[in-house]
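S.K.: Just so it is clear, I am handing over work33.cif, which has mmCIF, C-alpha atoms and all ligand atoms.
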data_input
#
loop_
_atom_site.label_atom_id
_atom_site.label_comp_id
_atom_site.auth_asym_id
_atom_site.auth_seq_id
_atom_site.Cartn_x
_atom_site.Cartn_y
_atom_site.Cartn_z
CA MET A 12 0.00 0.00 0.00
CA VAL A 13 1.33 3.45 -0.89
CA GLN A 14 0.82 6.38 1.44
CA PHE A 15 1.93 9.60 -0.19
CA ASN A 16 3.89 11.92 2.07
CA VAL A 17 6.28 14.85 2.27
CA ASN A 18 8.37 13.36 5.04
CA GLY A 19 11.22 15.56 6.26
CA LYS A 20 10.66 18.24 3.61
CA ILE A 21 10.59 22.02 3.75
CA ALA A 22 7.73 23.80 1.97
CA LEU A 23 6.77 27.41 1.30
CA VAL A 24 3.12 28.22 0.61
CA THR A 25 2.44 31.74 -0.61
CA GLY A 26 -1.02 32.97 0.35
CA GLY A 27 -0.88 30.25 2.99
CA THR A 28 -2.83 32.13 5.64
CA ARG A 29 -6.32 31.12 4.50
CA GLY A 30 -8.33 29.31 1.84
CA ILE A 31 -6.64 26.89 -0.54
CA GLY A 32 -3.12 27.84 0.57
CA TYR A 33 -3.88 27.20 4.23
CA ASP A 34 -5.54 23.88 3.38
CA ILE A 35 -2.39 22.77 1.53
CA ALA A 36 -0.15 23.88 4.43
CA GLU A 37 -2.36 22.02 6.90
CA TYR A 38 -2.17 18.80 4.87
CA PHE A 39 1.61 19.06 4.66
CA VAL A 40 1.67 19.38 8.47
CA LEU A 41 -0.42 16.21 8.74
CA ASN A 42 1.68 14.28 6.23
CA GLY A 43 5.26 14.53 7.35
CA ILE A 44 6.55 18.03 6.57
CA ASP A 45 9.54 19.11 8.67
CA THR A 46 9.20 22.89 8.15
CA ILE A 47 6.31 24.86 6.70
CA ILE A 48 6.69 28.49 5.70
CA ILE A 49 3.59 30.58 5.05
CA THR A 50 3.19 34.13 3.90
CA SER A 51 0.58 36.70 2.90
CA ARG A 52 0.32 40.48 3.14
CA LYS A 53 -1.33 40.82 6.55
CA PRO A 54 0.90 40.35 9.62
CA ASP A 55 -2.04 39.35 11.83
CA ALA A 56 -3.17 36.73 9.35
CA CYS A 57 0.38 35.33 9.29
CA LYS A 58 0.49 35.18 13.08
CA ASP A 59 -2.95 33.55 13.38
CA ALA A 60 -2.27 30.97 10.67
CA LYS A 61 1.07 30.05 12.26
CA ALA A 62 -0.67 29.51 15.62
CA SER A 63 -3.37 27.47 13.96
CA LEU A 64 -0.88 25.22 12.10
CA GLU A 65 1.11 24.73 15.30
CA ALA A 66 -2.07 23.74 17.14
CA CYS A 67 -2.92 21.32 14.33
CA ALA A 68 0.54 19.75 14.54
CA ALA A 69 0.37 19.47 18.34
CA SER A 70 -3.09 17.91 18.33
CA HIS A 71 -1.88 15.25 15.89
CA GLY A 72 1.36 14.53 17.73
CA LYS A 73 3.52 16.03 14.95
CA SER A 74 6.70 17.98 15.42
CA VAL A 75 6.68 20.69 12.75
CA LYS A 76 8.50 24.02 12.54
CA VAL A 77 6.18 26.76 11.31
CA ILE A 78 7.65 30.00 9.95
CA SER A 79 5.40 32.88 8.97
CA GLU A 80 6.51 36.19 7.54
CA PRO A 81 4.32 38.80 5.81
CA CYS A 82 5.06 39.68 2.19
CA ASP A 83 3.28 41.39 -0.68
CA MET A 84 3.97 39.22 -3.71
CA ALA A 85 3.28 42.13 -6.03
CA ASN A 86 5.96 44.28 -4.45
CA ASP A 87 9.42 43.40 -5.83
CA ASP A 88 11.34 44.94 -2.93
CA ASP A 89 9.17 43.28 -0.32
CA LEU A 90 9.56 39.92 -2.04
CA ARG A 91 13.35 40.35 -2.07
CA ARG A 92 13.25 41.25 1.64
CA PHE A 93 11.11 38.18 2.32
CA HIS A 94 13.50 35.94 0.39
CA ALA A 95 16.48 37.30 2.35
CA ILE A 96 14.74 36.62 5.68
CA ILE A 97 13.68 33.09 4.73
CA SER A 98 16.99 32.14 3.16
CA SER A 99 18.76 33.10 6.40
CA GLN A 100 16.74 30.35 8.11
CA ILE A 101 16.88 27.47 5.62
CA THR A 102 19.55 25.98 3.35
CA LYS A 103 17.19 24.20 0.97
CA LEU A 104 13.56 24.32 -0.13
CA ASP A 105 11.81 21.15 -1.34
CA ILE A 106 8.43 22.59 -2.28
CA LEU A 107 7.17 26.00 -3.40
CA ILE A 108 3.40 26.38 -3.71
CA ALA A 109 2.85 29.57 -5.70
CA ASN A 110 -0.71 30.07 -4.54
CA ALA A 111 -1.13 33.73 -3.52
CA GLY A 112 -3.62 35.34 -5.83
CA ALA A 113 -6.39 37.87 -6.18
CA SER A 114 -9.38 38.41 -8.43
CA TYR A 115 -11.47 41.33 -9.58
CA GLY A 116 -14.74 41.36 -11.49
CA THR A 117 -16.60 44.19 -13.23
CA PRO A 118 -18.40 44.24 -16.61
CA PHE A 119 -16.30 44.90 -19.69
CA ASP A 120 -17.22 48.54 -20.42
CA LYS A 121 -16.48 49.67 -16.89
CA HIS A 122 -13.60 47.34 -16.13
CA PRO A 123 -10.67 49.53 -14.91
CA VAL A 124 -7.41 48.91 -16.73
CA ALA A 125 -5.61 49.59 -13.45
CA GLN A 126 -7.31 46.52 -11.96
CA VAL A 127 -6.19 44.34 -14.86
CA ARG A 128 -2.62 45.50 -14.29
CA LYS A 129 -2.86 44.96 -10.53
CA ILE A 130 -4.16 41.40 -10.90
CA LEU A 131 -1.49 40.51 -13.46
CA ASP A 132 1.17 41.85 -11.10
CA ILE A 133 0.06 39.64 -8.21
CA ASN A 134 -0.97 36.55 -10.15
CA ILE A 135 1.81 36.40 -12.76
CA THR A 136 4.72 38.65 -11.88
CA GLY A 137 4.60 37.59 -8.22
CA VAL A 138 4.68 33.92 -9.25
CA PHE A 139 7.60 34.38 -11.64
CA HIS A 140 9.58 36.48 -9.17
CA SER A 141 9.10 34.05 -6.27
CA VAL A 142 10.20 31.08 -8.39
CA GLN A 143 13.20 33.05 -9.64
CA LEU A 144 14.28 34.08 -6.13
CA PHE A 145 13.81 30.64 -4.57
CA ALA A 146 15.27 28.61 -7.47
CA SER A 147 18.70 28.24 -5.81
CA LEU A 148 17.20 26.89 -2.58
CA LEU A 149 14.96 24.57 -4.61
CA GLU A 150 17.99 23.37 -6.52
CA ASN A 151 19.75 22.58 -3.24
CA ALA A 152 16.89 20.26 -2.29
CA GLY A 153 16.27 18.42 -5.55
CA SER A 154 17.84 15.19 -6.75
CA ALA A 155 17.41 13.11 -9.89
CA GLN A 156 15.30 10.59 -7.94
CA ASP A 157 13.25 13.19 -6.11
CA PRO A 158 13.32 16.64 -7.71
CA SER A 159 12.09 19.62 -5.73
CA ARG A 160 8.64 20.85 -6.74
CA VAL A 161 6.98 24.07 -7.76
CA ILE A 162 3.20 23.96 -7.92
CA ILE A 163 1.56 26.97 -9.52
CA VAL A 164 -2.08 27.54 -8.64
CA SER A 165 -3.85 28.46 -11.87
CA SER A 166 -7.63 28.11 -12.27
CA ILE A 167 -10.18 26.37 -14.41
CA VAL A 168 -11.14 29.77 -15.82
CA ALA A 169 -7.84 29.62 -17.70
CA PHE A 170 -9.27 26.78 -19.81
CA ALA A 171 -13.02 27.38 -19.74
CA SER A 172 -13.03 30.58 -21.80
CA ASP A 173 -16.47 31.82 -20.77
CA PHE A 174 -15.97 33.06 -17.19
CA LYS A 175 -17.51 36.52 -17.05
CA ASP A 176 -16.16 39.95 -16.12
CA ALA A 177 -12.80 38.96 -14.60
CA TYR A 178 -10.53 40.01 -17.46
CA GLY A 179 -7.23 40.37 -15.63
CA TYR A 180 -7.94 37.21 -13.65
CA VAL A 181 -8.68 34.89 -16.60
CA ALA A 182 -5.65 36.21 -18.48
CA SER A 183 -3.43 35.82 -15.41
CA LYS A 184 -4.50 32.24 -14.76
CA ALA A 185 -3.97 31.19 -18.40
CA GLY A 186 -0.65 33.04 -18.24
CA VAL A 187 0.66 31.24 -15.15
CA ALA A 188 -0.36 27.82 -16.47
CA HIS A 189 1.67 28.51 -19.61
CA LEU A 190 4.49 29.98 -17.54
CA GLY A 191 4.51 26.71 -15.58
CA ARG A 192 5.16 24.67 -18.73
CA ASN A 193 7.92 27.03 -19.77
CA LEU A 194 9.56 26.98 -16.32
CA ALA A 195 9.33 23.17 -16.29
CA LEU A 196 11.67 23.11 -19.27
CA THR A 197 13.94 25.80 -17.87
CA LEU A 198 14.30 24.20 -14.44
CA ALA A 199 14.28 20.46 -15.21
CA PRO A 200 18.09 20.41 -15.62
CA ARG A 201 18.31 21.83 -12.07
CA ASN A 202 16.17 18.97 -10.66
CA ILE A 203 13.15 21.20 -10.13
CA ASN A 204 9.77 19.99 -11.42
CA VAL A 205 7.14 22.61 -12.20
CA ASN A 206 3.46 21.71 -12.49
CA SER A 207 0.28 23.72 -12.20
CA ILE A 208 -3.13 22.90 -10.81
CA ALA A 209 -6.42 24.37 -11.97
CA PRO A 210 -9.07 24.28 -9.26
CA GLY A 211 -12.75 24.59 -10.15
CA PHE A 212 -14.89 26.35 -7.55
CA PHE A 213 -13.89 25.97 -3.89
CA PRO A 214 -15.55 27.89 -1.04
CA THR A 215 -13.03 30.50 0.13
CA LYS A 216 -13.02 34.26 0.70
CA MET A 217 -12.35 34.74 -3.03
CA THR A 218 -15.53 32.88 -4.04
CA LYS A 219 -17.72 34.08 -1.15
CA TYR A 220 -20.11 35.97 -3.46
CA LEU A 221 -20.54 33.04 -5.86
CA TYR A 222 -21.02 30.57 -3.02
CA ALA A 223 -23.62 32.77 -1.31
CA ASN A 224 -25.53 33.80 -4.43
CA LYS A 225 -24.99 31.23 -7.17
CA ARG A 226 -24.49 27.96 -5.39
CA GLN A 227 -27.38 26.22 -7.16
CA GLU A 228 -26.18 27.31 -10.59
CA THR A 229 -22.59 26.25 -9.91
CA ASN A 230 -23.69 22.86 -8.58
CA TYR A 231 -26.02 22.37 -11.54
CA GLY A 232 -23.32 23.40 -14.01
CA ASN A 233 -20.69 20.98 -12.68
CA PRO A 234 -20.60 17.40 -14.03
CA ARG A 235 -20.10 16.18 -10.44
CA LYS A 236 -22.90 18.48 -9.18
CA ARG A 237 -20.93 19.92 -6.29
CA TRP A 238 -18.29 22.44 -5.27
CA GLY A 239 -14.77 21.32 -4.57
CA GLN A 240 -13.85 20.32 -1.01
CA LYS A 241 -10.52 20.99 0.61
CA GLU A 242 -9.61 17.28 0.48
CA ASP A 243 -9.88 17.37 -3.33
CA ILE A 244 -7.03 19.90 -3.48
CA GLN A 245 -5.07 18.47 -0.57
CA ASN A 246 -4.79 14.95 -1.95
CA ALA A 247 -3.89 16.05 -5.46
CA VAL A 248 -1.19 18.43 -4.21
CA LEU A 249 0.22 15.90 -1.76
CA TRP A 250 0.61 13.42 -4.62
CA LEU A 251 2.22 16.05 -6.87
CA CYS A 252 4.74 16.82 -4.11
CA SER A 253 5.44 13.20 -3.18
CA ARG A 254 8.40 11.15 -4.32
CA GLU A 255 6.03 8.89 -6.29
CA SER A 256 5.17 11.64 -8.80
CA ASN A 257 8.80 12.55 -9.49
CA TYR A 258 8.45 11.91 -13.26
CA VAL A 259 5.42 14.22 -13.59
CA ASN A 260 6.67 17.52 -14.94
CA GLY A 261 5.12 20.38 -16.92
CA ILE A 262 1.50 19.32 -16.53
CA ASN A 263 -1.60 21.20 -15.56
CA LEU A 264 -3.92 19.18 -13.34
CA ASN A 265 -7.58 20.21 -13.41
CA ILE A 266 -9.23 19.68 -10.01
CA ASP A 267 -12.76 20.64 -10.94
CA GLY A 268 -15.11 17.66 -11.21
CA GLY A 269 -14.96 18.04 -15.01
CA LEU A 270 -16.06 21.70 -15.13
CA HIS A 271 -13.48 22.45 -17.83
CA LEU A 272 -15.46 20.19 -20.18
CA VAL A 273 -18.67 22.21 -19.93
CA GLY A 274 -17.49 25.73 -19.05
CA THR A 275 -18.88 28.24 -16.61
CA SER A 276 -21.58 29.87 -18.78
CA LYS A 277 -24.42 28.64 -16.53
CA LEU A 278 -23.27 31.09 -13.84
N1 LIG B 301 -11.39 29.42 -4.49
C1 LIG B 301 -11.50 29.01 -5.73
O1 LIG B 301 -12.57 28.54 -6.15
C2 LIG B 301 -10.33 29.07 -6.65
C3 LIG B 301 -10.46 28.50 -7.91
C4 LIG B 301 -9.39 28.50 -8.78
C5 LIG B 301 -8.19 29.08 -8.41
N2 LIG B 301 -8.08 29.65 -7.18
C6 LIG B 301 -6.78 30.24 -6.84
O2 LIG B 301 -6.34 29.70 -5.60
C7 LIG B 301 -5.46 30.63 -4.97
C8 LIG B 301 -5.94 30.85 -3.54
O3 LIG B 301 -7.21 31.44 -3.58
P1 LIG B 301 -8.32 31.26 -2.44
O4 LIG B 301 -9.56 30.86 -3.11
O5 LIG B 301 -7.78 30.45 -1.35
O6 LIG B 301 -8.51 32.79 -2.05
P2 LIG B 301 -8.38 33.59 -0.68
O7 LIG B 301 -9.09 32.89 0.41
O8 LIG B 301 -8.75 34.97 -1.02
O9 LIG B 301 -6.81 33.51 -0.33
C9 LIG B 301 -5.86 34.26 -1.04
C10 LIG B 301 -4.56 34.26 -0.25
O10 LIG B 301 -3.58 35.02 -0.97
C11 LIG B 301 -3.10 36.08 -0.14
N3 LIG B 301 -2.80 37.22 -1.01
C12 LIG B 301 -3.62 37.96 -1.77
N4 LIG B 301 -2.94 38.93 -2.39
C13 LIG B 301 -1.64 38.81 -2.02
C14 LIG B 301 -0.46 39.51 -2.31
N5 LIG B 301 -0.45 40.58 -3.11
N6 LIG B 301 0.70 39.10 -1.73
C15 LIG B 301 0.71 38.04 -0.89
N7 LIG B 301 -0.37 37.34 -0.58
C16 LIG B 301 -1.54 37.71 -1.13
C17 LIG B 301 -4.23 36.34 0.87
O11 LIG B 301 -3.80 36.90 2.11
P3 LIG B 301 -3.66 38.51 2.38
O12 LIG B 301 -4.98 39.10 2.06
O13 LIG B 301 -3.26 38.59 3.83
O14 LIG B 301 -2.57 38.98 1.48
C18 LIG B 301 -4.69 34.90 1.12
O15 LIG B 301 -3.83 34.25 2.03
C19 LIG B 301 -5.52 31.91 -5.82
O16 LIG B 301 -4.38 31.94 -6.67
C20 LIG B 301 -6.78 31.73 -6.64
O17 LIG B 301 -6.74 32.43 -7.83
C21 LIG B 301 -9.11 29.68 -6.30
#
Represent the supplied structure as structure tokens.
M.R.:
Amino acid sequence: MVQFNVNGKIALVTGGTRGIGYDIAEYFVLNGIDTIIITSRKPDACKDAKASLEACAASHGKSVKVISEPCDMANDDDLRRFHAIISSQITKLDILIANAGASYGTPFDKHPVAQVRKILDINITGVFHSVQLFASLLENAGSAQDPSRVIIVSSIVAFASDFKDAYGYVASKAGVAHLGRNLALTLAPRNINVNSIAPGFFPTKMTKYLYANKRQETNYGNPRKRWGQKEDIQNAVLWLCSRESNYVNGINLNIDGGLHLVGTSKL
């Protein structure tokens, strides 16, 4: 019997203070991680999430080091400062989950260009810059048998072309999925695998409005007739970060119940 794990590894989860990022961090804590690093913009959120992960580890009898440090992924200087602080505390990084992201929706005619630019900055530039900065530490951790991993969190709206009113967001999520394939080729010689995941709809702060107001439509429109649950993401990501998936590189994994096949036009 195989039990996937991240035993003894060090992972960084950007946007790890809530939602999908926190769920991934929590599952790493439960499945063997040695050190988990989380970050987001808000210092209080970083502090609270660290306490919550430590409590989770303690209640499951796990010994895990949790590091949290605020950082704005869209701010180049802040990201460099963050990298300097983290790299003074670790000598290798096995896993980078490039998850931090934001969305913005307004109809086409009134959609502010400034918002498109802002979303691209967080969702694409922040992902590229974090991978670039942490590549050396990732290289230190990877081996031919078990490369280090970068997982980029894209979205199903990158592939279902009909998601409404979120112009910067859909472009950014298609962009990072493509960036992931390109980085997979660039970084494979350094024993770093790069894959992306494309979640369908999961109940988080980002999807609060949809969940509250269009739950019926989203359930109806999904081939599996339900929203995603945290376990759906957790298990897929754990596998992608486990030794057993070491030959999987440059893919995008849809985690959406098949939503990409039918699109989001029923919303
Ligand atoms: N929920 C879904 O259905 C769904 C579907 C497909 C893809 N996704 C993607 O999954 C990822 C996580 O989203 P979520 O649903 O978990 O949303 P969420 O609950 O809003 O979480 C977003 C996280 O990113 C952080 N963040 C936002 N802007 C940031 C910035 N500039 N710098 C650093 N951290 C930042 C937030 O913390 P602070 O506010 O403290 O910065 C928070 O920790 C995103 O990339 C999103 O696009 C979500």
S.K.: Show which residues sit within 7 Å of A:Leu148, as a VMD selection string. Count all atoms listed in the file, and ignore same-chain residues fewer than 3 positions away.
M.R.: chain A and resid 102 to 104 145 151 to 152
S.K.: For A:Leu190, find every residue with an atom within 10 Å (counting all atoms listed in the file), except residues of its own chain fewer than 3 positions away, and show them as a list of chain:residue names.
M.R.: A:Ile135, A:Val138, A:Phe139, A:Ile163, A:Lys184, A:Ala185, A:Gly186, A:Val187, A:Asn193, A:Leu194, A:Ala195, A:Val205, A:Asn206, A:Ser207, A:Gly261
S.K.: Name the residues, by chain letter and number, that sit within 7 Å of ligand LIG 301 (chain B) using only C-alpha atoms and all ligand atoms, and give them as a PyMOL selection string.
M.R.: chain A and resi 25-32+50-53+56+82-85+110-114+133-134+164-167+209-218
S.K.: Using only C-alpha atoms, which protein or nucleic acid residues come within 7 Å of stretch 221-234 of chain A? Drop anything in the same chain fewer than 5 positions from it, and give the result as a list in words.
M.R.: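 Counting only the stated atoms, we get Pro214, Gly268, Gly269, Leu270, Lys277 and Leu278 of chain A.
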S.K.: Work out how far apart atom CA of A:Arg237 and atom CA of A:Val40 are and give it in Å to one decimal.
M.R.: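 For atom CA of A:Arg237 relative to atom CA of A:Val40, the distance reads 27.0 Å.
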S.K.: Atom CA of A:Leu23 and atom CA of A:Asn246 are how many Å apart?
M.R.: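 Computing it gives 17.3 Å between the two atoms.
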S.K.: Work out how far atom CA of A:Asn265 is from atom CA of A:Phe39, in Å to one decimal.
M.R.: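 Straight-line distance from atom CA of A:Phe39 to atom CA of A:Asn265 works out to 20.3 Å.
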S.K.: Emit stretch 101-127 of chain A of the structure in the block as a file comprising N, CA and C atoms, as a PDB file, in the first residue's frame.
M.R.:
ATOM      1  N   ILE A 101      16.871  28.816   6.226  1.00  0.00           N
ATOM      2  CA  ILE A 101      16.881  27.466   5.620  1.00  0.00           C
ATOM      3  C   ILE A 101      18.024  27.384   4.605  1.00  0.00           C
ATOM      4  N   THR A 102      18.479  26.151   4.341  1.00  0.00           N
ATOM      5  CA  THR A 102      19.551  25.982   3.355  1.00  0.00           C
ATOM      6  C   THR A 102      19.045  25.300   2.095  1.00  0.00           C
ATOM      7  N   LYS A 103      17.800  24.818   2.150  1.00  0.00           N
ATOM      8  CA  LYS A 103      17.187  24.197   0.968  1.00  0.00           C
ATOM      9  C   LYS A 103      15.684  24.358   1.060  1.00  0.00           C
ATOM     10  N   LEU A 104      15.028  24.264  -0.095  1.00  0.00           N
ATOM     11  CA  LEU A 104      13.565  24.322  -0.127  1.00  0.00           C
ATOM     12  C   LEU A 104      13.094  23.202  -1.056  1.00  0.00           C
ATOM     13  N   ASP A 105      12.276  22.287  -0.525  1.00  0.00           N
ATOM     14  CA  ASP A 105      11.812  21.151  -1.340  1.00  0.00           C
ATOM     15  C   ASP A 105      10.590  21.490  -2.179  1.00  0.00           C
ATOM     16  N   ILE A 106       9.737  22.363  -1.640  1.00  0.00           N
ATOM     17  CA  ILE A 106       8.431  22.594  -2.285  1.00  0.00           C
ATOM     18  C   ILE A 106       8.078  24.081  -2.225  1.00  0.00           C
ATOM     19  N   LEU A 107       7.719  24.634  -3.362  1.00  0.00           N
ATOM     20  CA  LEU A 107       7.172  26.000  -3.396  1.00  0.00           C
ATOM     21  C   LEU A 107       5.770  25.928  -3.994  1.00  0.00           C
ATOM     22  N   ILE A 108       4.772  26.313  -3.202  1.00  0.00           N
ATOM     23  CA  ILE A 108       3.400  26.375  -3.710  1.00  0.00           C
ATOM     24  C   ILE A 108       3.110  27.844  -4.010  1.00  0.00           C
ATOM     25  N   ALA A 109       3.102  28.190  -5.285  1.00  0.00           N
ATOM     26  CA  ALA A 109       2.853  29.575  -5.705  1.00  0.00           C
ATOM     27  C   ALA A 109       1.348  29.772  -5.803  1.00  0.00           C
ATOM     28  N   ASN A 110       0.755  30.081  -4.667  1.00  0.00           N
ATOM     29  CA  ASN A 110      -0.708  30.066  -4.535  1.00  0.00           C
ATOM     30  C   ASN A 110      -1.311  31.459  -4.364  1.00  0.00           C
ATOM     31  N   ALA A 111      -0.552  32.415  -3.795  1.00  0.00           N
ATOM     32  CA  ALA A 111      -1.128  33.734  -3.518  1.00  0.00           C
ATOM     33  C   ALA A 111      -1.761  34.296  -4.780  1.00  0.00           C
ATOM     34  N   GLY A 112      -2.968  34.805  -4.646  1.00  0.00           N
ATOM     35  CA  GLY A 112      -3.622  35.335  -5.831  1.00  0.00           C
ATOM     36  C   GLY A 112      -4.803  36.189  -5.453  1.00  0.00           C
ATOM     37  N   ALA A 113      -5.238  37.002  -6.405  1.00  0.00           N
ATOM     38  CA  ALA A 113      -6.390  37.871  -6.177  1.00  0.00           C
ATOM     39  C   ALA A 113      -7.221  37.923  -7.447  1.00  0.00           C
ATOM     40  N   SER A 114      -8.465  38.331  -7.291  1.00  0.00           N
ATOM     41  CA  SER A 114      -9.377  38.406  -8.425  1.00  0.00           C
ATOM     42  C   SER A 114     -10.119  39.738  -8.396  1.00  0.00           C
ATOM     43  N   TYR A 115     -10.672  40.110  -9.526  1.00  0.00           N
ATOM     44  CA  TYR A 115     -11.470  41.333  -9.584  1.00  0.00           C
ATOM     45  C   TYR A 115     -12.471  41.178 -10.720  1.00  0.00           C
ATOM     46  N   GLY A 116     -13.727  41.503 -10.456  1.00  0.00           N
ATOM     47  CA  GLY A 116     -14.743  41.363 -11.490  1.00  0.00           C
ATOM     48  C   GLY A 116     -15.586  42.607 -11.648  1.00  0.00           C
ATOM     49  N   THR A 117     -15.695  43.081 -12.866  1.00  0.00           N
ATOM     50  CA  THR A 117     -16.599  44.187 -13.230  1.00  0.00           C
ATOM     51  C   THR A 117     -16.866  44.059 -14.731  1.00  0.00           C
ATOM     52  N   PRO A 118     -18.098  44.374 -15.177  1.00  0.00           N
ATOM     53  CA  PRO A 118     -18.405  44.235 -16.609  1.00  0.00           C
ATOM     54  C   PRO A 118     -17.430  44.995 -17.518  1.00  0.00           C
ATOM     55  N   PHE A 119     -17.310  44.471 -18.721  1.00  0.00           N
ATOM     56  CA  PHE A 119     -16.304  44.901 -19.689  1.00  0.00           C
ATOM     57  C   PHE A 119     -16.189  46.421 -19.848  1.00  0.00           C
ATOM     58  N   ASP A 120     -17.298  47.111 -20.104  1.00  0.00           N
ATOM     59  CA  ASP A 120     -17.223  48.542 -20.425  1.00  0.00           C
ATOM     60  C   ASP A 120     -16.691  49.383 -19.269  1.00  0.00           C
ATOM     61  N   LYS A 121     -16.905  48.887 -18.061  1.00  0.00           N
ATOM     62  CA  LYS A 121     -16.482  49.670 -16.888  1.00  0.00           C
ATOM     63  C   LYS A 121     -15.266  49.059 -16.202  1.00  0.00           C
ATOM     64  N   HIS A 122     -14.687  48.055 -16.800  1.00  0.00           N
ATOM     65  CA  HIS A 122     -13.596  47.344 -16.127  1.00  0.00           C
ATOM     66  C   HIS A 122     -12.334  48.212 -16.121  1.00  0.00           C
ATOM     67  N   PRO A 123     -11.837  48.625 -14.939  1.00  0.00           N
ATOM     68  CA  PRO A 123     -10.674  49.529 -14.913  1.00  0.00           C
ATOM     69  C   PRO A 123      -9.388  48.824 -15.353  1.00  0.00           C
ATOM     70  N   VAL A 124      -8.678  49.475 -16.257  1.00  0.00           N
ATOM     71  CA  VAL A 124      -7.407  48.911 -16.734  1.00  0.00           C
ATOM     72  C   VAL A 124      -6.441  48.739 -15.556  1.00  0.00           C
ATOM     73  N   ALA A 125      -6.521  49.678 -14.611  1.00  0.00           N
ATOM     74  CA  ALA A 125      -5.613  49.594 -13.448  1.00  0.00           C
ATOM     75  C   ALA A 125      -5.814  48.281 -12.689  1.00  0.00           C
ATOM     76  N   GLN A 126      -7.048  47.785 -12.662  1.00  0.00           N
ATOM     77  CA  GLN A 126      -7.308  46.522 -11.960  1.00  0.00           C
ATOM     78  C   GLN A 126      -6.734  45.334 -12.737  1.00  0.00           C
ATOM     79  N   VAL A 127      -6.789  45.415 -14.057  1.00  0.00           N
ATOM     80  CA  VAL A 127      -6.189  44.339 -14.864  1.00  0.00           C
ATOM     81  C   VAL A 127      -4.697  44.269 -14.549  1.00  0.00           C
TER      82      VAL A 127
END
